[in-house]
Structures are given as C-alpha cells and as structure tokens.
>>> print(open('my_file.cif').read())   # mmCIF, C-alpha atoms and all ligand atoms
data_start
#
loop_
_atom_site.group_PDB
_atom_site.id
_atom_site.type_symbol
_atom_site.label_atom_id
_atom_site.label_comp_id
_atom_site.auth_asym_id
_atom_site.auth_seq_id
_atom_site.Cartn_x
_atom_site.Cartn_y
_atom_site.Cartn_z
ATOM 1 C CA MET Y 1 2.806 20.177 22.838
ATOM 2 C CA ILE Y 2 -0.815 19.087 23.301
ATOM 3 C CA ARG Y 3 -3.372 21.130 25.195
ATOM 4 C CA LEU Y 4 -6.989 20.239 25.783
ATOM 5 C CA ASP Y 5 -9.038 22.712 27.796
ATOM 6 C CA GLY Y 6 -12.597 22.024 28.880
ATOM 7 C CA VAL Y 7 -13.084 19.550 26.058
ATOM 8 C CA GLY Y 8 -16.427 17.851 25.690
ATOM 9 C CA GLN Y 9 -17.775 15.605 22.963
ATOM 10 C CA VAL Y 10 -21.434 14.775 22.466
ATOM 11 C CA PHE Y 11 -22.586 12.404 19.735
ATOM 12 C CA ASP Y 12 -26.134 12.535 18.429
ATOM 13 C CA GLY Y 13 -27.449 9.047 17.815
ATOM 14 C CA ARG Y 14 -30.811 7.520 16.979
ATOM 15 C CA GLU Y 15 -31.544 6.842 20.648
ATOM 16 C CA GLY Y 16 -30.645 10.348 21.784
ATOM 17 C CA SER Y 17 -27.282 11.916 22.432
ATOM 18 C CA ILE Y 18 -24.247 10.282 24.044
ATOM 19 C CA THR Y 19 -21.796 12.360 26.058
ATOM 20 C CA ALA Y 20 -18.540 10.619 25.191
ATOM 21 C CA LEU Y 21 -16.249 13.114 26.931
ATOM 22 C CA GLU Y 22 -16.856 15.830 29.486
ATOM 23 C CA LYS Y 23 -14.658 18.659 30.833
ATOM 24 C CA ILE Y 24 -11.311 17.214 29.829
ATOM 25 C CA ASP Y 25 -8.287 19.324 30.737
ATOM 26 C CA LEU Y 26 -5.072 17.672 29.635
ATOM 27 C CA HIS Y 27 -1.659 19.119 28.905
ATOM 28 C CA VAL Y 28 1.107 16.980 27.425
ATOM 29 C CA ARG Y 29 4.683 18.274 27.383
ATOM 30 C CA ALA Y 30 6.914 18.034 24.301
ATOM 31 C CA GLY Y 31 8.684 14.681 24.235
ATOM 32 C CA GLU Y 32 6.467 13.197 26.906
ATOM 33 C CA PHE Y 33 5.065 9.669 26.735
ATOM 34 C CA VAL Y 34 1.516 9.603 28.065
ATOM 35 C CA THR Y 35 -0.738 6.560 28.252
ATOM 36 C CA LEU Y 36 -4.502 6.953 28.301
ATOM 37 C CA ILE Y 37 -6.129 4.165 30.211
ATOM 38 C CA GLY Y 38 -9.787 3.385 30.797
ATOM 39 C CA ARG Y 39 -12.501 0.843 30.246
ATOM 40 C CA SER Y 40 -13.932 0.131 26.840
ATOM 41 C CA GLY Y 41 -16.294 2.906 25.757
ATOM 42 C CA CYS Y 42 -14.920 5.605 28.070
ATOM 43 C CA GLY Y 43 -13.895 7.841 25.172
ATOM 44 C CA LYS Y 44 -10.205 7.049 24.626
ATOM 45 C CA SER Y 45 -10.423 6.759 20.846
ATOM 46 C CA THR Y 46 -12.614 9.846 20.721
ATOM 47 C CA LEU Y 47 -9.951 11.783 22.610
ATOM 48 C CA LEU Y 48 -7.265 10.692 20.133
ATOM 49 C CA ARG Y 49 -9.471 11.600 17.170
ATOM 50 C CA LEU Y 50 -9.920 15.084 18.635
ATOM 51 C CA ILE Y 51 -6.141 15.541 18.954
ATOM 52 C CA ALA Y 52 -5.677 14.217 15.396
ATOM 53 C CA GLY Y 53 -8.203 16.695 14.024
ATOM 54 C CA LEU Y 54 -10.443 13.875 12.747
ATOM 55 C CA LEU Y 55 -13.229 15.235 14.928
ATOM 56 C CA SER Y 56 -13.916 18.700 16.289
ATOM 57 C CA PRO Y 57 -15.036 19.020 19.913
ATOM 58 C CA THR Y 58 -18.567 20.099 20.810
ATOM 59 C CA SER Y 59 -17.056 22.211 23.575
ATOM 60 C CA GLY Y 60 -13.629 23.409 24.659
ATOM 61 C CA THR Y 61 -10.398 23.785 22.715
ATOM 62 C CA VAL Y 62 -7.714 21.438 21.393
ATOM 63 C CA LYS Y 63 -4.255 22.779 20.536
ATOM 64 C CA VAL Y 64 -1.141 21.094 19.190
ATOM 65 C CA ALA Y 65 2.171 22.982 19.305
ATOM 66 C CA GLY Y 66 0.281 26.121 20.325
ATOM 67 C CA LYS Y 67 -2.083 26.110 17.339
ATOM 68 C CA PRO Y 68 -5.786 25.212 17.402
ATOM 69 C CA VAL Y 69 -6.397 21.888 15.657
ATOM 70 C CA THR Y 70 -8.571 22.387 12.584
ATOM 71 C CA GLY Y 71 -7.989 19.128 10.723
ATOM 72 C CA PRO Y 72 -5.461 16.355 10.122
ATOM 73 C CA SER Y 73 -1.823 17.433 9.832
ATOM 74 C CA PRO Y 74 1.414 15.627 8.932
ATOM 75 C CA ASP Y 75 2.772 16.771 12.315
ATOM 76 C CA VAL Y 76 0.338 14.433 14.021
ATOM 77 C CA ALA Y 77 0.548 10.737 13.107
ATOM 78 C CA PHE Y 78 -1.970 8.066 13.995
ATOM 79 C CA MET Y 79 -1.377 4.365 14.515
ATOM 80 C CA PHE Y 80 -4.253 1.912 14.901
ATOM 81 C CA GLN Y 81 -4.842 -1.493 16.448
ATOM 82 C CA ARG Y 82 -4.606 -3.203 13.039
ATOM 83 C CA PRO Y 83 -1.631 -2.488 10.786
ATOM 84 C CA ALA Y 84 -3.876 -1.688 7.762
ATOM 85 C CA LEU Y 85 -1.097 -2.261 5.227
ATOM 86 C CA LEU Y 86 -1.858 -2.389 1.516
ATOM 87 C CA ALA Y 87 -1.574 -6.076 0.601
ATOM 88 C CA TRP Y 88 -0.140 -5.561 -2.902
ATOM 89 C CA ARG Y 89 2.567 -3.115 -1.845
ATOM 90 C CA SER Y 90 5.999 -4.002 -0.550
ATOM 91 C CA VAL Y 91 7.080 -3.150 2.990
ATOM 92 C CA LEU Y 92 9.095 -0.189 1.716
ATOM 93 C CA SER Y 93 6.293 1.273 -0.390
ATOM 94 C CA ASN Y 94 3.825 0.836 2.460
ATOM 95 C CA VAL Y 95 6.132 2.898 4.666
ATOM 96 C CA LEU Y 96 6.407 5.539 1.935
ATOM 97 C CA LEU Y 97 2.649 5.760 1.343
ATOM 98 C CA PRO Y 98 2.028 8.982 3.336
ATOM 99 C CA VAL Y 99 4.780 10.671 1.316
ATOM 100 C CA GLU Y 100 3.318 9.512 -1.999
ATOM 101 C CA LEU Y 101 -0.144 10.703 -1.031
ATOM 102 C CA ASP Y 102 1.126 14.225 -0.414
ATOM 103 C CA ARG Y 103 1.457 15.905 -3.799
ATOM 104 C CA THR Y 104 3.243 18.913 -2.335
ATOM 105 C CA ILE Y 105 6.329 16.766 -1.698
ATOM 106 C CA ARG Y 106 8.736 17.014 -4.644
ATOM 107 C CA ASP Y 107 11.893 15.369 -3.452
ATOM 108 C CA ARG Y 108 11.218 11.823 -2.330
ATOM 109 C CA THR Y 109 14.846 10.648 -2.055
ATOM 110 C CA ALA Y 110 15.313 11.881 1.496
ATOM 111 C CA TYR Y 111 12.167 10.027 2.556
ATOM 112 C CA LYS Y 112 13.359 6.843 0.922
ATOM 113 C CA ASN Y 113 16.558 7.008 2.948
ATOM 114 C CA ARG Y 114 14.548 7.755 6.064
ATOM 115 C CA ALA Y 115 12.307 4.726 5.378
ATOM 116 C CA HIS Y 116 15.385 2.485 5.271
ATOM 117 C CA GLU Y 117 16.638 3.995 8.543
ATOM 118 C CA LEU Y 118 13.293 3.467 10.252
ATOM 119 C CA LEU Y 119 13.012 -0.129 9.048
ATOM 120 C CA GLU Y 120 16.469 -0.742 10.430
ATOM 121 C CA LEU Y 121 15.446 0.868 13.729
ATOM 122 C CA VAL Y 122 12.634 -1.692 14.135
ATOM 123 C CA GLY Y 123 14.782 -4.614 12.976
ATOM 124 C CA LEU Y 124 13.242 -5.044 9.528
ATOM 125 C CA GLN Y 125 16.281 -4.412 7.364
ATOM 126 C CA GLY Y 126 16.273 -6.975 4.559
ATOM 127 C CA PHE Y 127 12.469 -7.110 4.469
ATOM 128 C CA GLU Y 128 11.959 -4.003 2.294
ATOM 129 C CA ARG Y 129 10.725 -5.947 -0.735
ATOM 130 C CA ARG Y 130 8.507 -8.390 1.112
ATOM 131 C CA LEU Y 131 4.733 -8.232 0.933
ATOM 132 C CA PRO Y 132 2.635 -7.840 4.112
ATOM 133 C CA HIS Y 133 1.309 -11.434 4.044
ATOM 134 C CA GLU Y 134 4.891 -12.704 4.269
ATOM 135 C CA LEU Y 135 5.294 -11.038 7.681
ATOM 136 C CA SER Y 136 4.071 -11.949 11.178
ATOM 137 C CA GLY Y 137 1.542 -9.741 12.973
ATOM 138 C CA GLY Y 138 4.270 -8.131 15.058
ATOM 139 C CA MET Y 139 6.367 -7.379 11.970
ATOM 140 C CA GLN Y 140 3.360 -5.868 10.199
ATOM 141 C CA GLN Y 141 2.738 -3.615 13.172
ATOM 142 C CA ARG Y 142 6.420 -2.573 13.055
ATOM 143 C CA VAL Y 143 5.914 -1.574 9.403
ATOM 144 C CA SER Y 144 2.858 0.400 10.435
ATOM 145 C CA LEU Y 145 4.980 2.131 13.099
ATOM 146 C CA CYS Y 146 7.562 3.120 10.464
ATOM 147 C CA ARG Y 147 4.789 4.446 8.227
ATOM 148 C CA SER Y 148 3.529 6.637 11.093
ATOM 149 C CA LEU Y 149 7.038 7.988 11.646
ATOM 150 C CA ILE Y 150 8.032 8.597 8.022
ATOM 151 C CA ARG Y 151 7.071 12.280 8.025
ATOM 152 C CA ASP Y 152 8.823 12.878 11.341
ATOM 153 C CA PRO Y 153 5.674 13.868 13.243
ATOM 154 C CA GLN Y 154 5.844 15.990 16.374
ATOM 155 C CA VAL Y 155 3.067 13.928 17.886
ATOM 156 C CA MET Y 156 2.246 10.265 17.568
ATOM 157 C CA LEU Y 157 -1.157 8.969 18.603
ATOM 158 C CA MET Y 158 -1.403 5.223 19.138
ATOM 159 C CA ASP Y 159 -4.771 3.544 19.614
ATOM 160 C CA GLU Y 160 -4.221 0.168 21.329
ATOM 161 C CA PRO Y 161 -1.571 -0.674 18.722
ATOM 162 C CA PHE Y 162 -0.371 -3.902 20.340
ATOM 163 C CA SER Y 163 -3.635 -5.310 21.653
ATOM 164 C CA ALA Y 164 -4.185 -7.704 18.731
ATOM 165 C CA LEU Y 165 -0.748 -9.298 19.206
ATOM 166 C CA ASP Y 166 0.234 -12.284 21.326
ATOM 167 C CA ALA Y 167 1.657 -11.550 24.796
ATOM 168 C CA LEU Y 168 5.298 -12.199 23.921
ATOM 169 C CA THR Y 169 5.230 -10.004 20.804
ATOM 170 C CA ARG Y 170 3.484 -7.301 22.809
ATOM 171 C CA THR Y 171 6.269 -7.379 25.389
ATOM 172 C CA GLU Y 172 8.918 -7.145 22.664
ATOM 173 C CA LEU Y 173 7.190 -4.286 20.901
ATOM 174 C CA SER Y 174 6.660 -2.288 24.072
ATOM 175 C CA GLU Y 175 10.377 -2.581 24.832
ATOM 176 C CA GLU Y 176 11.199 -1.572 21.295
ATOM 177 C CA LEU Y 177 8.876 1.397 21.395
ATOM 178 C CA GLN Y 178 10.662 2.697 24.511
ATOM 179 C CA ARG Y 179 14.001 2.369 22.763
ATOM 180 C CA ILE Y 180 12.678 4.194 19.676
ATOM 181 C CA LYS Y 181 11.168 6.853 21.904
ATOM 182 C CA MET Y 182 14.582 7.450 23.469
ATOM 183 C CA GLU Y 183 16.065 8.031 19.989
ATOM 184 C CA LEU Y 184 13.319 10.290 18.660
ATOM 185 C CA SER Y 185 11.834 13.326 20.345
ATOM 186 C CA THR Y 186 8.246 12.523 19.332
ATOM 187 C CA THR Y 187 5.516 13.212 21.872
ATOM 188 C CA ILE Y 188 3.424 10.078 22.279
ATOM 189 C CA VAL Y 189 -0.136 9.523 23.466
ATOM 190 C CA PHE Y 190 -0.764 5.806 23.699
ATOM 191 C CA VAL Y 191 -4.199 4.338 24.407
ATOM 192 C CA THR Y 192 -4.428 1.050 26.229
ATOM 193 C CA HIS Y 193 -6.699 -0.848 28.546
ATOM 194 C CA SER Y 194 -3.778 -2.830 29.895
ATOM 195 C CA ILE Y 195 -2.410 -1.658 33.262
ATOM 196 C CA ASP Y 196 0.900 -3.455 32.569
ATOM 197 C CA GLU Y 197 1.363 -1.628 29.295
ATOM 198 C CA ALA Y 198 0.490 1.728 30.857
ATOM 199 C CA VAL Y 199 3.076 1.229 33.632
ATOM 200 C CA VAL Y 200 5.873 0.020 31.385
ATOM 201 C CA LEU Y 201 5.510 2.703 28.727
ATOM 202 C CA ALA Y 202 4.401 5.946 30.281
ATOM 203 C CA ASP Y 203 5.931 8.968 31.948
ATOM 204 C CA ARG Y 204 2.368 9.652 33.087
ATOM 205 C CA ALA Y 205 -0.773 7.516 32.943
ATOM 206 C CA VAL Y 206 -4.022 9.401 32.450
ATOM 207 C CA VAL Y 207 -7.004 7.501 33.818
ATOM 208 C CA LEU Y 208 -10.421 8.082 32.256
ATOM 209 C CA SER Y 209 -13.663 7.170 33.977
ATOM 210 C CA PRO Y 210 -16.583 5.946 31.875
ATOM 211 C CA ARG Y 211 -19.930 7.459 30.897
ATOM 212 C CA PRO Y 212 -19.351 10.255 30.447
ATOM 213 C CA GLY Y 213 -15.603 10.001 29.895
ATOM 214 C CA ARG Y 214 -13.882 12.197 32.433
ATOM 215 C CA LEU Y 215 -10.343 12.608 33.561
ATOM 216 C CA ARG Y 216 -10.248 10.524 36.714
ATOM 217 C CA ASP Y 217 -6.649 11.092 37.742
ATOM 218 C CA VAL Y 218 -3.117 11.399 36.408
ATOM 219 C CA VAL Y 219 -0.439 9.073 37.796
ATOM 220 C CA GLU Y 220 3.271 9.906 37.503
ATOM 221 C CA ILE Y 221 5.359 6.853 36.685
ATOM 222 C CA ASP Y 222 8.852 7.549 37.961
ATOM 223 C CA ILE Y 223 10.396 4.134 37.318
ATOM 224 C CA PRO Y 224 13.852 4.211 35.626
ATOM 225 C CA ARG Y 225 14.039 3.155 31.946
ATOM 226 C CA PRO Y 226 14.304 0.906 30.097
ATOM 227 C CA ARG Y 227 11.456 -0.927 31.747
ATOM 228 C CA SER Y 228 10.269 -4.394 30.891
ATOM 229 C CA LEU Y 229 7.049 -6.353 31.173
ATOM 230 C CA GLY Y 230 9.094 -9.527 31.412
ATOM 231 C CA GLN Y 231 11.981 -8.625 33.741
ATOM 232 C CA ASN Y 232 11.914 -8.542 37.509
ATOM 233 C CA SER Y 233 13.546 -5.143 37.917
ATOM 234 C CA HIS Y 234 11.786 -2.409 39.910
ATOM 235 C CA LEU Y 235 9.115 -4.926 40.818
ATOM 236 C CA ALA Y 236 8.019 -3.099 43.963
ATOM 237 C CA ASP Y 237 7.510 0.180 42.076
ATOM 238 C CA VAL Y 238 5.621 -1.565 39.274
ATOM 239 C CA ALA Y 239 3.374 -3.310 41.809
ATOM 240 C CA ARG Y 240 2.697 -0.069 43.708
ATOM 241 C CA ILE Y 241 1.735 1.904 40.586
ATOM 242 C CA SER Y 242 -0.262 -0.979 39.087
ATOM 243 C CA ALA Y 243 -2.266 -1.233 42.302
ATOM 244 C CA ARG Y 244 -2.952 2.507 42.201
ATOM 245 C CA LEU Y 245 -4.147 2.327 38.573
ATOM 246 C CA HIS Y 246 -6.251 -0.711 39.357
ATOM 247 C CA ALA Y 247 -7.933 1.112 42.235
ATOM 248 C CA LEU Y 248 -8.614 4.162 40.068
ATOM 249 C CA LEU Y 249 -10.089 2.033 37.290
ATOM 250 C CA SER Y 250 -12.385 0.053 39.568
ATOM 251 C CA ASP Y 251 -13.420 2.816 41.965
ATOM 252 C CA LYS Y 252 -16.909 4.079 41.256
ATOM 253 C CA THR Y 253 -16.892 7.070 43.609
ATOM 254 C CA PRO Y 254 -16.369 10.461 41.931
ATOM 255 C CA PRO Y 255 -12.912 12.093 42.054
ATOM 256 C CA VAL Y 256 -12.050 14.082 45.163
ATOM 257 C CA ALA Y 257 -12.259 17.515 43.501
ATOM 258 C CA GLU Y 258 -15.723 16.713 42.221
ATOM 259 C CA ARG Y 259 -16.928 15.461 45.607
ATOM 260 C CA LEU Y 260 -15.790 18.738 47.192
ATOM 261 C CA VAL Y 261 -17.627 20.770 44.563
ATOM 262 C CA ASP Y 262 -20.763 18.689 45.184
ATOM 263 C CA GLU Y 263 -20.530 19.330 48.899
ATOM 264 C CA VAL Y 264 -20.168 23.091 48.472
ATOM 265 C CA TRP Y 265 -22.617 23.507 45.579
ATOM 266 C CA PRO Y 266 -25.004 20.539 45.581
ATOM 267 C CA ARG Y 267 -26.405 19.860 42.082
HETATM 268 N N1 LIG D 1 -19.109 8.542 15.710
HETATM 269 C C1 LIG D 1 -19.801 8.204 16.801
HETATM 270 N N2 LIG D 1 -21.152 8.341 16.835
HETATM 271 C C2 LIG D 1 -21.848 8.028 17.947
HETATM 272 N N3 LIG D 1 -21.310 7.578 19.079
HETATM 273 C C3 LIG D 1 -19.991 7.418 19.118
HETATM 274 C C4 LIG D 1 -19.149 7.720 17.983
HETATM 275 N N4 LIG D 1 -17.858 7.467 18.316
HETATM 276 C C5 LIG D 1 -17.888 7.030 19.597
HETATM 277 N N5 LIG D 1 -19.151 7.000 20.074
HETATM 278 C C6 LIG D 1 -19.547 6.618 21.452
HETATM 279 O O1 LIG D 1 -18.744 7.349 22.364
HETATM 280 C C7 LIG D 1 -18.339 6.546 23.461
HETATM 281 C C8 LIG D 1 -16.819 6.493 23.538
HETATM 282 O O2 LIG D 1 -16.315 5.755 22.425
HETATM 283 P P1 LIG D 1 -14.768 5.505 22.173
HETATM 284 O O3 LIG D 1 -14.060 6.798 22.170
HETATM 285 O O4 LIG D 1 -14.657 4.666 20.963
HETATM 286 O O5 LIG D 1 -14.369 4.662 23.472
HETATM 287 P P2 LIG D 1 -13.054 3.793 23.775
HETATM 288 O O6 LIG D 1 -12.065 4.029 22.693
HETATM 289 O O7 LIG D 1 -12.591 4.265 25.120
HETATM 290 O O8 LIG D 1 -13.500 2.367 23.844
HETATM 291 C C9 LIG D 1 -18.994 5.189 23.247
HETATM 292 O O9 LIG D 1 -20.188 5.160 24.008
HETATM 293 C C10 LIG D 1 -19.277 5.154 21.771
HETATM 294 O O10 LIG D 1 -20.379 4.350 21.488
HETATM 295 MG MG MG D 2 -11.149 2.711 21.351
#
>>> encode(input="my_file.cif", output="structure tokens", more="lines below")
Ligand SMILES: Nc1ncnc2c1ncn2[C@@H]1O[C@H](COP(=O)(O)OP(=O)(O)O)[C@@H](O)[C@H]1O
Ligand SMILES: [Mg+2]
Amino acid sequence: MIRLDGVGQVFDGREGSITALEKIDLHVRAGEFVTLIGRSGCGKSTLLRLIAGLLSPTSGTVKVAGKPVTGPSPDVAFMFQRPALLAWRSVLSNVLLPVELDRTIRDRTAYKNRAHELLELVGLQGFERRLPHELSGGMQQRVSLCRSLIRDPQVMLMDEPFSALDALTRTELSEELQRIKMELSTTIVFVTHSIDEAVVLADRAVVLSPRPGRLRDVVEIDIPRPRSLGQNSHLADVARISARLHALLSDKTPPVAERLVDEVWPR
C-alpha cells in the first residue's frame, strides 16, 4: 500500500542544510498497522508528510497504492496531535468538514449517514450537536478521528495523536483504535515516541535513528490482539519487545548492515 524507496529529505535553512531523512526504504502492506518510533527530531513527521504528499522528497520515490504521490489525496488521511476542530461548528459538522470542502462531491447524504456510524463507533452517539468546548480532550480527539475517516481513506497517517492526553485516556483510545482497526481495512502509520504505545498498537514497529533520520530496524510484534496497556496479559512478550525497542532507541552504534558496508568499503 505504501512504498518508500531510497527516500531522502534535505531542508535548506539559514544555518545551512539539514538532512532530515536519509536512504529510507519502507514498505507497508495493505491493512497493516505500523508504528514509527524515534526520538524527537529524527524525522518522523517529515516521513508522514512525504507519504501524505504535503512534501516531495529530495531523493527517492514515494508511492501509495502503486501510484507516485504527487500531492494530498482523499485516499490518505492525516490526524495530528491536537484535534484542530472548528470551535463554532457542531461535532457532526466538524466530522463532515472534509466532505464540504470538496466541491466535486454532490450527494452528501451518504456521508451524513457515515458520520453518524463513525461517531457511534467511537462512542459519541448523542453528541452530534455539541460544540467542541463541551467535550473532553479525549472526546475531541475521537471527533478528529471520525473526521479523518469520513472519506474512507485507504491510508491513515497519525502523528502522535494521543500524546497530549492524560495516561488513562491514552490507554482507552489506543484500545479503541485497535477495535476500529479490526472493523475497517485502513492501513495505518502511527507516529509515537512511546514504546508502550508502539508495542500495543503495531503489527510492526519501525525504529528511526536521529540525525540524519535513518531506518534503524523493524520489529515484528506478534502478540495476540486485542492488546492492552493496562492489562497483565502477554506480559512476558510485551516486556521482551519493549526491551528490544528500548535497546534500539538508545544504541548509538550504526546498524549491522551499515557496519558491514563500512568494513568492506571504508568511507
Ligand atoms: N520545513 C522544515 N524546514 C527546515 N527544517 C525542518 C523542516 N521540517 C523539519 N525540519 C527539521 O527536520 C528534522 C526532523 O523533523 P521532524 O520530522 O519534525 O522530526 P520528528 O517528528 O521526528 O520530531 C528536524 O531537525 C527539524 O528541525
Ligand atoms: Mg513530529
């Protein structure tokens, strides 16, 4: 569904250029749930913006569903850390915003029904007419999730969507997201700097190393679902994978493949 080959991103700034990403090869299967994990500044948001078509790479290619990405598309939805709801609009009309903004859509009735279904899916039935300020942070982020899903995207990109929430709400939302994921076939790339979140949510966790952002390793997470941050099930597996991610995130030596290359062809 998503294919990045040899992707690099260099930003030109006042104090010279910054290599945000270098030689990224990443393939995500249809329906897969991938978490991107790495320290602040390692290029996670940049990687999502490249997949979303909000940025074009300085090198390499980015494809979604077999087609080169040339700009934003309704097939690829984006969800941010803050819910960014319009304060004067009701919950329902916030969810319907992407549909209203697209003038090529004639028949809105189907979307209205879909909006009600999605709100029910996240437990917000009965809140359709409320305004954002009447909702808690977790509820606002649920509205934002519905808004991202309203056009039935093939891909959903989530940039630390739960990191501004309290721990308990985060746990609830990560459980809910797994349940929603099981009902929809959307491919998800979810950015986090939380090891717990990466382990609970992902089929695979992709670890990025900082400066320049490189793909450090990919860790398969073969723990049965549903998984929980709060429950004590599969504790040994969670501990094993968390330890592996922790080691990858703190290790400063280059990845094995790179070390071998350096030994054969010293730079
Ligand atoms: N538009 C931009 N112009 C210049 N530098 C940028 C821009 N966007 C990101 N960067 C730089 O690229 C690096 C990666 O940023 P980002 O992708 O936001 O990291 P992360 O999301 O992992 O914290 C950082 O050093 C950041 O300062
Ligand atoms: Mg970021």
>>> resolve_selection(input="my_file.cif", expression="the PyMOL selection byres (((chain Y and resi 89) around 12) and not hetatm)", output="count of residues only")
21
>>> atom_distance(input="my_file.cif", atom1="atom CA of Arg29 of chain Y", atom2="atom CA of Asp203 of chain Y")
10.4 Å
>>> residues_near_ligand(input="my_file.cif", ligand="ligand MG 2 (chain D)", cutoff="9 Å", atoms="all atoms listed in the file", output="list in words")
Ser40, Gly41, Cys42, Gly43, Lys44, Ser45, Thr46, Leu48, Asp159, Glu160, Val191 and Thr192 of chain Y
>>> closest_residue(input="my_file.cif", among="Y:Ile51, Y:Leu173, Y:Leu245, Y:Ile223", to="Val76 of chain Y", atoms="all atoms listed in the file")
Y:Ile51
>>> closest_residue(input="my_file.cif", among="Y:Leu47, Y:Met139, Y:Met79, Y:Met182", to="ligand LIG 1 (chain D)", atoms="only C-alpha atoms and all ligand atoms")
Y:Leu47
>>> closest_residue(input="my_file.cif", among="Y:Met1, Y:Met158, Y:Val238, Y:Ala247", to="ligand LIG 1 (chain D)", atoms="only C-alpha atoms and all ligand atoms")
Y:Met158
>>> resolve_selection(input="my_file.cif", expression="the PyMOL selection byres (((chain Y and resi 35) around 7) and not hetatm)", output="list in words")
Phe33, Val34, Leu36, Ile37, Val189, Phe190, Val191, Thr192, Ala198, Ala202, Arg204, Ala205 and Val206 of chain Y
>>> resolve_selection(input="my_file.cif", expression="the PyMOL selection byres (((chain Y and resi 147-156) around 9) and not hetatm)", output="VMD selection string")
chain Y and resid 1 to 2 30 to 31 64 to 65 73 to 79 94 to 99 111 114 to 115 118 142 to 146 157 to 158 184 to 190
>>> closest_residue(input="my_file.cif", among="Y:Arg211, Y:Phe11, Y:Glu220, Y:Arg170", to="Glu197 of chain Y", atoms="all atoms listed in the file")
Y:Arg170
>>> atom_distance(input="my_file.cif", atom1="atom CA of Thr169 of chain Y", atom2="atom CA of Ser228 of chain Y")
12.6 Å
